[in-house]
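Below: one structure, written as structure tokens.
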Amino acid sequence: MKSLDILAIAAHRDDVEQTCGGTLLKHAQRGLRTGILDLTRGEMGTRGTAADRARESADSGKLLQVSWRGALDLPDGRVENTWENRLKVAYWLRALRPRIVILPYWEGRHPDHYTTATLGYEACFAAGLKKLEIPLEASGSIEIVVGSPDDHRAGGDDLTPHRPYKILYATLYADVRPTFVVDITAQFEARTQSLFCYKSQYQDQQAGTGLFPQHAEIRARLDAMARFYGLLAGVDYAEPFIQKEVGLVEDLMSIPVQSI
């Protein structure tokens, strides 16, 4: 298959929709090839089943216009940064060959989220090692919900080393000042609907009452958070990101966002 331009790696199906779904959609609308690699399948969720989430993630991925979406077989609620798991992720990094990888922020409430940040980073490093051979069986059991049925063999002919050029961290739920934000004003409504594709999770229901906010409250929260980050940059809605490296500016006259 053709290489991806941007790959978002997340612990759970619906994480990407909440943190960087608008950014993926925006770049897909610009003609870039985007993808999502979910590490788990949702078998431990209070609501719904793994099969429900597979169907819902497919619907959501299509709404976000991703070129590819797959879910690995790491245990839900027990994402661990082991060598075996790094090889699984590194396999798909070599197979999909993204230029940019988006990871969750490296601190958070859920252990799966912050472990995915470290696991994803170390897999990006391992995928670029020239002398590291990654056998086909290292790919793990992949469930592809968007893309060709043959994409599970994507790396069969080319598993040559590949290291993404840029690693970004989606920081929507982190109490940190972002390096930059992406204007998703035009994508906000579709991004919101992509999250609500997970009907088993976000429709008002008896199961999980007290743990899950009501549908209307979720929408209000999404609106408030995206408006807050948009306000920082003078747009209606935005998603925040951090990059660890220093940014480079060639032309001071072209720097966006007014100071005063």
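Letters A, B, ... mark the chains of the structure tokens in the order given; residue numbers begin at 1 per chain; ligand numbers begin at 1, in order shown.
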
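If you count only C-alpha atoms and ignore residues fewer than 4 places along the chain from A:Leu39, what sits within 9 Å of it is Ile9, Ala10, Ala11, His12, Arg13, Gly70, Ala71, Leu72, Asp73, Leu74, Pro75, Asp76, Val79, Val89 and Thr116 of chain A.
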
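Going from atom CA of A:Arg109 to atom CA of A:Tyr173 covers 9.4 Å.
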
Quick check for you: according to DSSP on this backbone, which residues of stretch 42-180 of chain A are classed as strand (DSSP E)? Reply as a list of chain:residue names. A:Trp68, A:Arg69, A:Gly70, A:Ala71, A:Ile100, A:Val101, A:Ile102, A:Leu103, A:Pro104, A:Glu143, A:Ile144, A:Val145, A:Val146, A:Lys166, A:Ile167, A:Leu168, A:Tyr169, A:Ala170, A:Phe180

Print the selection's residues with N, CA and C atoms to a file, as an mmCIF file, in the first residue's frame.
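Resulting contents of part-v4.cif:
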data_model
loop_
_atom_site.group_PDB
_atom_site.id
_atom_site.type_symbol
_atom_site.label_atom_id
_atom_site.label_comp_id
_atom_site.auth_asym_id
_atom_site.auth_seq_id
_atom_site.Cartn_x
_atom_site.Cartn_y
_atom_site.Cartn_z
ATOM 1 N N TRP A 68 -6.526 4.520 6.249
ATOM 2 C CA TRP A 68 -6.286 3.219 6.874
ATOM 3 C C TRP A 68 -6.569 3.315 8.360
ATOM 4 N N ARG A 69 -7.186 2.267 8.901
ATOM 5 C CA ARG A 69 -7.354 2.172 10.354
ATOM 6 C C ARG A 69 -7.309 0.714 10.777
ATOM 7 N N GLY A 70 -6.477 0.439 11.765
ATOM 8 C CA GLY A 70 -6.375 -0.918 12.276
ATOM 9 C C GLY A 70 -6.236 -0.917 13.776
ATOM 10 N N ALA A 71 -6.558 -2.070 14.390
ATOM 11 C CA ALA A 71 -6.433 -2.221 15.836
ATOM 12 C C ALA A 71 -5.574 -3.440 16.129
ATOM 13 N N ILE A 100 4.732 11.636 9.704
ATOM 14 C CA ILE A 100 4.407 12.222 11.004
ATOM 15 C C ILE A 100 3.641 11.192 11.832
ATOM 16 N N VAL A 101 4.016 11.077 13.107
ATOM 17 C CA VAL A 101 3.290 10.229 14.048
ATOM 18 C C VAL A 101 2.756 11.118 15.168
ATOM 19 N N ILE A 102 1.477 10.942 15.494
ATOM 20 C CA ILE A 102 0.853 11.649 16.617
ATOM 21 C C ILE A 102 0.634 10.646 17.740
ATOM 22 N N LEU A 103 1.136 10.973 18.933
ATOM 23 C CA LEU A 103 1.002 10.119 20.105
ATOM 24 C C LEU A 103 0.211 10.854 21.194
ATOM 25 N N PRO A 104 -0.344 10.114 22.152
ATOM 26 C CA PRO A 104 -0.944 10.796 23.311
ATOM 27 C C PRO A 104 0.147 11.423 24.170
ATOM 28 N N GLU A 143 -6.643 -6.029 13.279
ATOM 29 C CA GLU A 143 -8.025 -5.963 12.795
ATOM 30 C C GLU A 143 -8.175 -4.669 12.014
ATOM 31 N N ILE A 144 -8.202 -4.776 10.702
ATOM 32 C CA ILE A 144 -8.272 -3.596 9.847
ATOM 33 C C ILE A 144 -9.731 -3.285 9.553
ATOM 34 N N VAL A 145 -10.146 -2.050 9.876
ATOM 35 C CA VAL A 145 -11.541 -1.668 9.690
ATOM 36 C C VAL A 145 -11.715 -0.632 8.586
ATOM 37 N N VAL A 146 -10.637 0.046 8.206
ATOM 38 C CA VAL A 146 -10.657 0.963 7.066
ATOM 39 C C VAL A 146 -9.409 0.667 6.236
ATOM 40 N N LYS A 166 8.739 13.329 12.139
ATOM 41 C CA LYS A 166 8.233 14.174 13.220
ATOM 42 C C LYS A 166 7.319 13.359 14.133
ATOM 43 N N ILE A 167 7.515 13.533 15.452
ATOM 44 C CA ILE A 167 6.630 12.953 16.451
ATOM 45 C C ILE A 167 5.955 14.099 17.204
ATOM 46 N N LEU A 168 4.638 14.087 17.215
ATOM 47 C CA LEU A 168 3.855 15.104 17.911
ATOM 48 C C LEU A 168 3.035 14.444 19.014
ATOM 49 N N TYR A 169 2.688 15.231 20.029
ATOM 50 C CA TYR A 169 1.904 14.721 21.144
ATOM 51 C C TYR A 169 0.613 15.526 21.247
ATOM 52 N N ALA A 170 -0.523 14.822 21.213
ATOM 53 C CA ALA A 170 -1.826 15.465 21.359
ATOM 54 C C ALA A 170 -2.079 15.726 22.843
ATOM 55 N N PHE A 180 1.823 24.407 19.802
ATOM 56 C CA PHE A 180 1.015 25.022 18.747
ATOM 57 C C PHE A 180 -0.365 24.396 18.767
#

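Here the question is which of A:Pro98, A:Gly42, A:Gly147, A:Pro111 gets nearest to A:Gln65 using only C-alpha atoms, and that residue is A:Gly147.
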
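You will find atom CA of A:Ala233 at 5.7 Å from atom CA of A:Val257.
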
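Taking only C-alpha atoms into account, A:Ser194 lies nearest to A:Gly22 out of the set A:Gly48, A:Gly22, A:Pro256, A:Pro240.
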
Nearest residue to A:Glu137 from the set A:Asp52, A:Glu84, A:Glu107, A:Glu189 (distances using only C-alpha atoms): A:Glu84

Leaving out A:Ser67 and any residue of its chain fewer than 6 positions from it, which residues lie within 6 Å of it when counting only C-alpha atoms, given as number ranges by chain? A: 33-35

With N, CA and C atoms retained, could you export that selection as a JSON list (two decimals), in the first residue's frame?
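What follows is the written file part-v6.json:
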[["chain", "number", "residue", "atom", "x", "y", "z"],
["A", 33, "ARG", "N", -2.58, 11.44, 3.04],
["A", 33, "ARG", "CA", -3.02, 10.10, 3.47],
["A", 33, "ARG", "C", -2.82, 9.98, 4.98],
["A", 34, "THR", "N", -3.91, 9.77, 5.69],
["A", 34, "THR", "CA", -3.87, 9.70, 7.14],
["A", 34, "THR", "C", -4.30, 8.31, 7.60],
["A", 35, "GLY", "N", -3.90, 7.95, 8.83],
["A", 35, "GLY", "CA", -4.26, 6.65, 9.36],
["A", 35, "GLY", "C", -4.31, 6.67, 10.88]]

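Among A:Gly77, A:Pro178, A:Gly140, A:Pro135, the residue with the shortest atom-to-atom distance to A:Phe241, counting only C-alpha atoms, is A:Pro178.
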
Any chance you could list, as a ChimeraX atom specification, the residues in stretch 104-190 of chain A that come up helix (DSSP H, G or I) when DSSP is run on the backbone? /A:111-127,136-139,149-153,185-190

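With atom CA of A:Arg177 on one side and atom CA of A:Tyr202 on the other, the separation reads 28.4 Å.
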
So that I can see what lies close to stretch 129-133 of chain A, please list as a list in words the residues with an atom at most 9 Å from it, counting only C-alpha atoms and leaving out residues fewer than 3 positions away in the same chain. Phe125, Ala126, Leu159, Thr160, Pro161, His162 and Arg163 of chain A

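For the set A:Leu172, A:Ala127, A:Leu87, A:Ile184, the residue with the smallest atom-to-atom gap to A:Val16 is A:Leu172, counting only C-alpha atoms.
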